[in-house]
Amino acid sequence: MALKALDIYKLLPKKNCKECGEPTCLTFAMKLASGKVKPEDCPYLDENVREILGASTRPPVQRVKLGVGERSFAVGDEIVQFRHEKTFFHEPGIMTAVSDLMDPDSIQAVVADVRDHLLVRIGLDLRLNGIAVWSASGSPDAFATAVEAVEAVAELPEVLMAEDPAVQEAGLAVCGNYRPLIHAATGDQYREMCALAVKHGCPLAIRAPDLDALAGLSGLCTAEGVSHLVLDLTSPSLHDMLNQATAVRQQAITRTAPALGYPVFLDTRPCGLPDAALICGVLKYGSVLVADPLSEASRKALLVLRQNIYTDPQKPIQITPGIYRVGSPGPDAPVLLTVNFSLTYFTLQGYLEASGTDSFMLIVDTEGLSVLTSVAAGKLSETLVRDSLKEFAVPDLVKHRTLIIPGYAAPLSGKIEDETGWKVLVGPRDAADIAEFLEKEWT
Amino acid sequence: MEQLSGTFSYEETAYHLPVTYALTGTAVHSADEARAAFRATGESALVAAECLTAATEAAGKGAPPPYTGFLPDAVLRTLGYSLVDGSILGLAVVAGTPQSPDAAAALCRELQEKYMLTFLSGGIVDSLTGAGVKVGPELRLVPLGDRPSSAIHFIDIIARVAMMFGGVAPGDADRLLSYAQERAKAIAIVFPGLGDDETAMFDAFRLLGIPILSAGEYEGNEWIRVSVSEAVRTGMDLKGIKVSVTAIPIPMACSPAFEGKSIRKEEMFVEFGGGRSPAFELLRCRPVSEVEDGRIRVIGPEIGELKAGSAVPLGIIVEVAGKAMKKEYEPVLERRIHNFVNYGEGTWHVAQRDIIWVRISKDAVSHGVRIEHLGKLIAAKFRMDFPDLLDAVQVTLITDEQEVLAAKKEAERVYEERDERIRGMKDTDVDTYYSCTLCQTFAPNHVCIITPERPALCGAITWLDGKIAYEISPSGANQPVPKGRVIDAERGEFEGVNRFVKKASHGEVARCSLYSVMEYPMTCCGCFECIAVMLPEVNGFMVVNREYKGDTPSGMSFSTLAGTIGGGAQTPGFAGISKTFILSNRFLQAEGGIGRLVWMPAMLKEELGERLVRKLTERGLPGMFDKIADEKIAVTIEDLTAFLARIEHPALAMKPLL
Amino acid sequence: MTISTLSDWTGEVGTVTIGATKADGGTRSGTVTIGGERDLAFIGNPPTGNRPLIAYELCDDPSLWPAPVIRFLGDRASDPAEWARFAAGEYRPDLIRLYLTSTRKRGFSAFAAITTTVENILQATGLPLIIEGSNDPELDSEVFRRIGEAGEGERLLIGTAEAGRYRSIAASAMAFGHLVIAQSPIDINLAKQLNILLREIGLPHDRIVIDPYTGALGYGFEYSYSVMERIRTAALKGDDDLAMPMISSAIDSLTVKEVREADPSASDRTSVAWELYAMLPATVAGASIVCVRHPSTIQPLKAAIEALWSPPGGGA
């Protein structure tokens with residue numbers, strides 16, 4: 001069990017020295033309990049206490065970083081099995097596979113595509129993450145040439161997939177400084193692979209026939225000085241991949257098998273169902289996912305699924321407040337006010353579009369709370385509405401002065417009228433009834 | 001039974017002779033089998049009536065159309081559908097021959113209007129036809145037969161519904177009887193003209209929990225003597241069959257959408273209270289006999305006699321009755337008057353008790369709205385919103401000044417009595433607390449335990465609210481929590497509470513102390529009004545409210561604290577609480593009480609003001625109010641420590657918290 | 001030590017059988033059974049319970065149906081019976097789910113047509129059926145009585161009951177021997193409450209399938225995914241009022257912006273992706289029936305479920 005803030009506080013020096021950057025030891029304890037600071041940040045802890053705190057406050061899944069620069073990403077640091085228990089923190093990196101049998105032009109075309117592909121949703125950039133270079137030929141030279149082709153196009157994080165240490169070394173000679181993931185150490189060659197990982201300061205994927213052997217191998221590799229490990233659970237059976245990834249996450253977060261406390265690597269190619277394997281990888285604990293190039297439809301869906309699953313369930317996604325248009329609204333179009341909780345926004349937007357009425361949506365900042373909650377909590381208030389009308393220059397957009405508010409905001413209608421001078425129409429409680437409402441009330 | 005011979009059965013049924021089949025489990029198709037069943041049931045009058053009727057109808061000697069005789073299973077299915085569906089509320093059988101056809105016609109119309117499906121047996125059918133009433137299944141008046149004995153079909157219907165819908169196994173007579181008593185919403189109304197056997201048959205209906213309402217001259221049994229005009233209401237009341245109100249007959253729209261609509265001075269026709277005239281509202285629970293549902297009285301001038309733009313006295317007295325209604329629910333229901341009046345498009349209401357302020361708009365008055373309609377609105381909304389709780393609501397509206405003043409005096413006595421009761425109510429006075437799991441939508445394992453002295457941490461739900469919410473909606477988010485054996489009285493830990501919390505938190509939280517912040521405190525959702533935080537440096541607690549945006553001596557602002565402790569976690573040293581809990585004797589009980597309180601934002605101190613001063617005095621800490629620091633005195637722990645030392649805050653001398 | 005997942009559940013999800021063959025008084029060519037899980041599907045050991053099934057959704061008024069499907073099907077969509085016959089024959093879903101969208105048009109009064117439509121669908125396919133009636137309280141009583149009557153003996157799964165609107169559907173199930181879909185708006189406690197309400201009016205738990213409401217991918221799907229995981233784990237922890245199988249249908253999948261605005265040449269592929277990427281996760285979260293509208297989604301979804309629920313080397 002993780003330590004509570006108060007238990008941690010008892011172990012702290014209680015000096016309120018502020019040297020850690022926090023105003024009080026209590027604040028430090030709170031942050032340590034939620035993994036936002038490290039025991040090392042406190043200069044006055046003795047070794048013993050630091051160890052105790054480290055063991056119980058360190059995330060049970062090791063954080064591992066891939067790549068350098070703008071597109072680098074970290075995985076691990078996870079603390080729960082189900083997202084509703086807290087949240088999943090670091091979304092898996094999706095690595096598009098190229099092989100050293102491909103000619104450099106084809107490789108570069110794939111890499112450029114991964115570099116440039118971008119999906120913007122709810123104000124966030126969703127991207128594929130990197131390239132997995134696959135040694136199909138077995139030749140060190142061919143592998144090096146393929147890695148060079150990748151490097152020539154973009155500084156993307158890479159996975160070097162070559163189990164022959166000589167081939168791996170040839171790849172690392174090209175990009176070893178850019179923290180690629182070395183794939184993969186096995187029981188036969190882990191010493192050589194560990195040596196390469198140590199030499200280049202790279203994370204290392206490890207592979208073994210079953211979880212017991214994998215735990216054993218992880219111990220051997222840490223003994224060789226490699227602590228940034230990634231566990232390869234690739235299998236031709238989708239069933240096995242899901243089961244094993246689940247087992248690994250569970251053992252890690254319960255700290256039952258600390259040797260499995262590392263992110264999971266899944267190559268989705270061997271099972272022959274790329275979409276299904278990627279879906280399972282995103283849902284159940286994959287951190288580095290390797291896949292062949294995907295259709296545009298699949299990758300959009302994949303990026304959106306990943307965004308959904310890695311959304312903090314206790315902190316709803318927010319829409320940037322402002323004026324949003326449905327269709328091409330003119331100066332007589334209705335103005336519908338709602339909150340900036342993304343689900344509310346999308347629901348209303350969908351029904352407005354379906355209604356075929358050109359309209360303005362005025363999205364006000366309720367910090368992502370839903371209508372019901374924001375009314376109850378006083379976040380949605382007449383002053384907020386007044387300020388938002390002004391801030392987004394709504395009076396310049398329309399000739400009329402009528403505002404449609406959500407049904408659950410009805411208690412505010414009079415206050416909004418008084419505060420803004422606009423006439424308020426109380427809309428339906430359920431967005432599904434908006435078309436009928438507009439037809440009846442907006443002529 | 002002895003004359004019975006040969007074989008006979010009903011058509012289009014899988015239940016043979018349904019009453020006999022349900023009671024005995026045997027399929028009767030012959031006279032000998034019938035006699036065996038008759039004996040096996042201890043000579044049941046129902047079995048006898050069924051066998052004789054079946055034999056008669058099978059022989060083609062049943063009454064001709066429009067009489068239906070035995071109804072096939074397919075019709076029963078549709079009938080059962082309508083009962084579950086709620087499009088019919090209950091079943092009635094009317095038998096015999098009424099003395100006054102017109103009175104009988106009125107009775108049947110009343111049954112139709114109240115969504116009862118009515119079966120007719122005997123001379124009643126001719127009486128109705130003679131009085132110009134059309135009968136037929138589509139009119140919810142089913143003529144079973146020309147003799148009162150055909151009412152046995154009413155029982156074969158109930159028996160089949162029990163087997164089809166209630167899962168009652170044929171032959172399980174006990175379950176059949178309990179099903180009929182508990183679930184069948186059925187009544188029987190009998191007029192004169194029954195033979196001895198028929199009287200015996202109807203008397204046996206009572207076994208199934210069917211009240212027999214006698215509008216005839218039957219003596220010497222358990223039948224209920226009623227006048228014809230009272231029969232339907234009495235019967236429906238006895239079986240708890242309620243007609244739900246769906247429309248409010250007033251010349252004004254009424255919907256939650258109008259709740260926030262204010263009525264400005266220039267839009268107003270008349271106003272009441274608000275300091276301009278005496279006004280009050282009061283809701284009382286009365287015995288059922290004293291409340292006439294829907295009765296509205298206006299004492300004093302009506303709207304037409306009032307001067308436009310004037311302020312007029314008003315008393316709103318709502319009297320309610322209901323089997324489940326209790327005196328202690330009065331204040332909770334009374335608060336709904338505010339919502340209901342605001343639902344009216346042209347009516348507006350603020351505040352409560354004797355400080356209410358009500359307006360009626362010019363627009364509404366021009367559409368014909370009168371004072372009386374305020375009463376109709378209130379009565380109808382109470383019936384709609386609390387159908388299971390309230391059977392009858394009547395409203396009296398007083399606009400005569402002298403009458404208002406007199407009634408207000410009485411109301412003030414009631415308010416005081418209630419305050420006294422709530423104030424006096426202790427956690428130890430009750431053995432059941434209430435839970436609230438509304439917030440599990442976003443805080444999956446959070447369970448609020450609400451006690452008389454500890455309201456929900458959002459401040460919105462008191463113990464009474466929780467109790468009434470449970471009684472109104474027994475499967476809702478507020479559940480009773482038997483507190484069980486005391487584990488630790490100081491910390492407020494109870495076996496029953498722990499058991500409940502463990503289950504409701506899906507096994508995540510095993511222990512919960514209601515009066516301690518340090519050990520097993522209650523979980524926090526995210527809606528708490530305030531957060532109490534232990535400050536180890538000064539051996540005390542600070543409390544910060546949601547509205548306060550600045551820094552606190554803990555080093556964290558409200559929002560930082562809320563983000564860390566919320567989401568359904570149990571965090572010793574930190575607790576989400578309501579504002580009023582600060583004034584409770586249970587606040588920080590395990591830690592030594594309110595003397596531990598060292599810091600609060602100035603706005604919170606001001607809000608609690610006098611009440612806090614009084615509480616501190618009562619707890620033997622006079623003068624402590626000024627020893628509680630606020631942000632003007634200290635926002636860092638260092639400044640706070642210095643301040644508390646200077647003024648010798650009691651917390652410093654208390655037992656160390658850690 | 002052999003490392004595997006830890007599970008110490010005490011509860012079990014009940015089973016529900018949909019459809020009735022001639023032997024049971026119906027006309028279906030087979031029945032399907034869902035539920036029965038004693039563990040999460042992907043935790044250790046062979047999967048317990050029945051594998052998830054795919055329902056193919058169609059309707060009796062295509063003007064209220066997503067455009068990509070109508071484009072793909074052409075004229076077939078104008079006759080629900082033909083539509084059902086085609087989909088069942090060519091794409092092999094496990095069930096057919098008919099939405100009586102005609103009842104959702106303003107001023108609907110063609111009640112007799114409901115009986116005919118349901119009867120025609122029953123003739124057109126031997127698969128077990130799910131029927132979705134009206135969602136207007138004014139129509140419910142008549143619509144659900146018609147559905148119930150027309151399908152008497154067929155053990156239909158009828159939808160959709162909600163907290164304020166469940167009596168007619170429950171009545172239809174109780175009167176004519178059918179099953180009920182109980183929908184709550186992504187809230188575990190409301191789901192539980194509705195199940196209790198249904199039990200109180202006499203509908204036993206073994207005739208209820210929970211619909212926790214499913215938002216489309218990118219439009220609230222994550223809430224549905226988590227609420228399904230929560231409902232399922234609550235059942236496995238022993239909460240009997242949540243121990244029913246679940247049905248999931250992201251009904252807005254094919255009307256979201258991404259699908260609506262997809263290049264015409266990619267319309268089908270995008271439709272399939274949007275359905276597959278929501279419905280496969282739904283099975284992983286615990287849904288027993290997942291629903292799709294684009295016929296081409298059925299095959300890849302089926303293959304994925306097959307692969308996920310088949311331990312290598314046979315097994316259960």
# chains A, B, ... in the order shown; residues from 1 in each chain; ligands from 1
>>> select_by_dssp(residues="range 145-196 of chain C", states="alpha helix (DSSP H)", output="PyMOL selection string")
chain C and resi 145-150+167-176+188-196
>>> interface_residues(of="chain B", to="chain A", cutoff="6 Å", atoms="only C-alpha atoms", output="compact mmCIF listing (two decimals) with C-alpha atoms, in the first residue's frame")
# COMPACT_ATOMS: atom_id res chain seq x y z
CA ALA B 257 -38.12 26.17 -16.76
CA GLU B 259 -37.96 28.73 -11.86
CA GLY B 260 -35.41 31.47 -12.31
CA LYS B 261 -37.76 33.96 -13.87
CA SER B 262 -38.05 37.01 -11.68
CA PHE B 442 -16.86 10.88 -10.46
CA GLY B 555 1.12 26.01 2.06
>>> residues_around(residues="range 65-80 of chain B", least_positions_apart="5", cutoff="9 Å", atoms="only C-alpha atoms", output="VMD selection string")
(chain B and resid 10 to 15 54 57 85 88 117 135 to 136 142 to 146 150 153 156 to 157 160 to 161 164 to 165) or (chain C and resid 145 149 171 to 172 174 to 176)
>>> residues_around(residues="Ala34 in chain B", least_positions_apart="2", cutoff="10 Å", atoms="only C-alpha atoms", output="ChimeraX atom specification")
/B:1-2,4-5,7-8,17,20,26-32,36-40,47-48,50-52
>>> interface_residues(of="chain C", to="chain B", cutoff="9 Å", atoms="only C-alpha atoms", output="MDAnalysis selection string")
chainID C and resid 141 145 149 166:176 186:190 192:194 196:197 201:203 227 230 233:234 237 239
>>> closest_atom_pairs(of="chain A", to="chain C", cutoff="8 Å", atoms="only C-alpha atoms", output="CSV")
residue,atom,partner,partner_atom,distance
A:Phe82,CA,C:Glu229,CA,7.9
A:Arg83,CA,C:Ser226,CA,7.0
A:His84,CA,C:Ser226,CA,6.0
A:Leu211,CA,C:Ile3,CA,6.0
A:Asp212,CA,C:Ile3,CA,5.9
A:Ser237,CA,C:Pro312,CA,6.6
A:Leu238,CA,C:Leu308,CA,5.4
A:His239,CA,C:Leu308,CA,4.3
A:Asp240,CA,C:Pro311,CA,7.0
A:Leu242,CA,C:Phe42,CA,6.2
A:Asn243,CA,C:Phe42,CA,5.1
A:Gln244,CA,C:Ser4,CA,7.6
A:Thr246,CA,C:Ile43,CA,6.7
A:Ala247,CA,C:Thr5,CA,4.5
A:Val248,CA,C:Thr5,CA,7.8
A:Gln250,CA,C:Thr5,CA,6.7
A:Gln251,CA,C:Thr5,CA,7.3
A:Leu273,CA,C:Ala304,CA,7.0
A:Asp275,CA,C:Tyr277,CA,8.0
A:Ala276,CA,C:Ala304,CA,5.7
A:Ile279,CA,C:Tyr277,CA,6.7
A:Cys280,CA,C:Pro281,CA,7.4
A:Leu283,CA,C:Pro281,CA,7.1
A:Ala297,CA,C:Thr270,CA,4.7
A:Ser298,CA,C:Ala273,CA,5.6
A:Ala301,CA,C:Trp274,CA,6.0
A:Leu302,CA,C:Tyr277,CA,7.1
A:Val304,CA,C:Gly218,CA,5.7
A:Leu305,CA,C:Leu217,CA,6.5
A:Gln307,CA,C:Gly218,CA,7.8
A:Asn308,CA,C:Glu222,CA,5.1
A:Ile309,CA,C:Glu222,CA,5.7
A:Thr311,CA,C:Glu222,CA,7.6
A:Pro313,CA,C:Tyr223,CA,7.3
A:Leu343,CA,C:Gly220,CA,5.8
A:Phe346,CA,C:Tyr219,CA,6.6
A:Thr347,CA,C:Tyr219,CA,7.8
A:Gly350,CA,C:Val256,CA,7.3
>>> select_by_dssp(residues="range 31-133 of chain B", states="strand (DSSP E)", output="list in words")
Gly90, Leu91, Ala92, Val93, Val94, Ala95, Met116, Leu117, Thr118, Phe119, Leu120 and Ser121 of chain B
>>> residues_around(residues="Arg92 in chain C", least_positions_apart="4", cutoff="8 Å", atoms="only C-alpha atoms", output="MDAnalysis selection string")
chainID C and resid 87:88 298
>>> residues_around(residues="Arg71 in chain C", least_positions_apart="3", cutoff="12 Å", atoms="only C-alpha atoms", output="mmCIF file with N, CA and C atoms, in the first residue's frame")
data_model
loop_
_atom_site.group_PDB
_atom_site.id
_atom_site.type_symbol
_atom_site.label_atom_id
_atom_site.label_comp_id
_atom_site.auth_asym_id
_atom_site.auth_seq_id
_atom_site.Cartn_x
_atom_site.Cartn_y
_atom_site.Cartn_z
ATOM 1 N N PRO C 62 -35.515 4.395 -42.717
ATOM 2 C CA PRO C 62 -34.107 4.734 -42.936
ATOM 3 C C PRO C 62 -33.826 6.228 -42.988
ATOM 4 N N SER C 63 -34.865 7.066 -43.003
ATOM 5 C CA SER C 63 -34.562 8.500 -43.043
ATOM 6 C C SER C 63 -33.916 8.944 -41.734
ATOM 7 N N TRP C 65 -31.539 7.172 -40.224
ATOM 8 C CA TRP C 65 -30.400 6.240 -40.073
ATOM 9 C C TRP C 65 -29.149 6.871 -40.676
ATOM 10 N N PRO C 66 -27.961 6.514 -40.176
ATOM 11 C CA PRO C 66 -26.739 7.156 -40.684
ATOM 12 C C PRO C 66 -26.530 6.960 -42.199
ATOM 13 N N ALA C 67 -26.139 8.047 -42.834
ATOM 14 C CA ALA C 67 -25.978 8.037 -44.285
ATOM 15 C C ALA C 67 -24.991 6.988 -44.824
ATOM 16 N N PRO C 68 -23.845 6.777 -44.180
ATOM 17 C CA PRO C 68 -22.896 5.807 -44.772
ATOM 18 C C PRO C 68 -23.514 4.419 -44.940
ATOM 19 N N GLY C 74 -27.959 0.791 -50.256
ATOM 20 C CA GLY C 74 -28.852 1.140 -51.353
ATOM 21 C C GLY C 74 -30.299 0.794 -51.031
ATOM 22 N N ASP C 75 -31.007 0.245 -52.016
ATOM 23 C CA ASP C 75 -32.438 -0.022 -51.892
ATOM 24 C C ASP C 75 -32.808 -0.988 -50.785
ATOM 25 N N ARG C 76 -31.859 -1.848 -50.442
ATOM 26 C CA ARG C 76 -32.174 -2.866 -49.427
ATOM 27 C C ARG C 76 -32.686 -2.247 -48.133
ATOM 28 N N ALA C 77 -32.210 -1.016 -47.858
ATOM 29 C CA ALA C 77 -32.571 -0.388 -46.587
ATOM 30 C C ALA C 77 -34.035 0.055 -46.546
ATOM 31 N N SER C 78 -34.705 0.008 -47.676
ATOM 32 C CA SER C 78 -36.082 0.504 -47.647
ATOM 33 C C SER C 78 -37.063 -0.546 -47.118
ATOM 34 N N PRO C 264 -15.586 10.588 -49.344
ATOM 35 C CA PRO C 264 -16.509 9.527 -49.782
ATOM 36 C C PRO C 264 -15.815 8.191 -50.045
ATOM 37 N N SER C 265 -14.595 8.261 -50.586
ATOM 38 C CA SER C 265 -13.899 7.007 -50.889
ATOM 39 C C SER C 265 -13.495 6.281 -49.608
ATOM 40 N N SER C 267 -15.384 6.507 -46.755
ATOM 41 C CA SER C 267 -16.557 6.509 -45.881
ATOM 42 C C SER C 267 -16.767 5.157 -45.203
ATOM 43 N N ASP C 268 -16.735 4.097 -46.002
ATOM 44 C CA ASP C 268 -16.974 2.766 -45.428
ATOM 45 C C ASP C 268 -15.880 2.407 -44.433
ATOM 46 N N SER C 271 -16.252 4.352 -41.284
ATOM 47 C CA SER C 271 -17.388 3.837 -40.510
ATOM 48 C C SER C 271 -16.974 2.596 -39.732
ATOM 49 N N HIS C 294 -22.789 -0.675 -39.643
ATOM 50 C CA HIS C 294 -22.207 -0.901 -40.960
ATOM 51 C C HIS C 294 -21.939 -2.400 -41.088
ATOM 52 N N PRO C 295 -22.500 -3.030 -42.119
ATOM 53 C CA PRO C 295 -22.324 -4.488 -42.238
ATOM 54 C C PRO C 295 -20.855 -4.895 -42.244
#
>>> atom_distance(atom1="CA of Asp263 in chain C", atom2="CA of Val292 in chain C")
20.8 Å
>>> atom_distance(atom1="CA of Ile251 in chain C", atom2="CA of Ala113 in chain C")
24.1 Å
>>> residues_around(residues="Val133 in chain B", least_positions_apart="3", cutoff="12 Å", atoms="only C-alpha atoms", output="number ranges by chain")
B: 101-109, 112, 124-130, 136, 139-141
>>> atom_distance(atom1="CA of Ser289 in chain B", atom2="CA of Ile224 in chain B")
17.4 Å
>>> decode(residues="range 161-169 of chain C", atoms="all heavy atoms", output="short mmCIF file (atom, residue, chain, number, x, y, z; two decimals), in the first residue's frame")
data_model
loop_
_atom_site.label_atom_id
_atom_site.label_comp_id
_atom_site.auth_asym_id
_atom_site.auth_seq_id
_atom_site.Cartn_x
_atom_site.Cartn_y
_atom_site.Cartn_z
N ALA C 161 -35.71 0.46 -21.58
CA ALA C 161 -36.28 0.99 -20.35
C ALA C 161 -35.33 2.01 -19.73
O ALA C 161 -34.12 1.84 -19.75
CB ALA C 161 -36.53 -0.15 -19.37
N GLU C 162 -35.89 3.09 -19.22
CA GLU C 162 -35.11 4.10 -18.51
C GLU C 162 -35.81 4.37 -17.18
O GLU C 162 -36.95 3.97 -16.99
CB GLU C 162 -35.07 5.41 -19.30
CG GLU C 162 -34.45 5.29 -20.67
CD GLU C 162 -34.79 6.50 -21.53
OE1 GLU C 162 -35.01 7.59 -20.95
OE2 GLU C 162 -34.85 6.35 -22.74
N ALA C 163 -35.13 5.10 -16.29
CA ALA C 163 -35.68 5.28 -14.94
C ALA C 163 -37.10 5.86 -14.96
O ALA C 163 -37.96 5.43 -14.23
CB ALA C 163 -34.75 6.15 -14.11
N GLY C 164 -37.35 6.82 -15.82
CA GLY C 164 -38.68 7.44 -15.80
C GLY C 164 -39.68 6.73 -16.71
O GLY C 164 -40.84 7.13 -16.78
N ARG C 165 -39.25 5.69 -17.41
CA ARG C 165 -40.04 5.17 -18.52
C ARG C 165 -39.78 3.68 -18.67
O ARG C 165 -39.13 3.27 -19.60
CB ARG C 165 -39.53 5.82 -19.81
CG ARG C 165 -40.41 6.82 -20.48
CD ARG C 165 -39.81 7.13 -21.84
NE ARG C 165 -40.06 6.06 -22.77
CZ ARG C 165 -39.13 5.37 -23.41
NH1 ARG C 165 -37.86 5.62 -23.23
NH2 ARG C 165 -39.45 4.41 -24.24
N TYR C 166 -40.26 2.90 -17.76
CA TYR C 166 -39.94 1.48 -17.87
C TYR C 166 -41.15 0.58 -17.78
O TYR C 166 -41.08 -0.61 -18.06
CB TYR C 166 -38.92 1.08 -16.79
CG TYR C 166 -39.40 1.35 -15.38
CD1 TYR C 166 -40.16 0.41 -14.72
CD2 TYR C 166 -39.11 2.54 -14.73
CE1 TYR C 166 -40.62 0.64 -13.43
CE2 TYR C 166 -39.57 2.79 -13.45
CZ TYR C 166 -40.32 1.84 -12.81
OH TYR C 166 -40.78 2.08 -11.55
N ARG C 167 -42.28 1.15 -17.41
CA ARG C 167 -43.41 0.29 -17.10
C ARG C 167 -43.93 -0.47 -18.32
O ARG C 167 -44.21 -1.66 -18.24
CB ARG C 167 -44.53 1.11 -16.47
CG ARG C 167 -44.12 1.81 -15.19
CD ARG C 167 -45.33 2.36 -14.48
NE ARG C 167 -46.09 1.31 -13.86
CZ ARG C 167 -46.03 0.99 -12.57
NH1 ARG C 167 -45.24 1.68 -11.78
NH2 ARG C 167 -46.74 0.01 -12.08
N SER C 168 -44.06 0.23 -19.45
CA SER C 168 -44.62 -0.44 -20.62
C SER C 168 -43.71 -1.56 -21.10
O SER C 168 -44.17 -2.63 -21.51
CB SER C 168 -44.83 0.55 -21.76
OG SER C 168 -45.78 1.52 -21.38
N ILE C 169 -42.41 -1.29 -21.06
CA ILE C 169 -41.47 -2.30 -21.54
C ILE C 169 -41.47 -3.50 -20.61
O ILE C 169 -41.52 -4.65 -21.05
CB ILE C 169 -40.06 -1.68 -21.65
CG1 ILE C 169 -40.14 -0.50 -22.62
CG2 ILE C 169 -39.06 -2.70 -22.10
CD1 ILE C 169 -38.98 0.44 -22.55
#
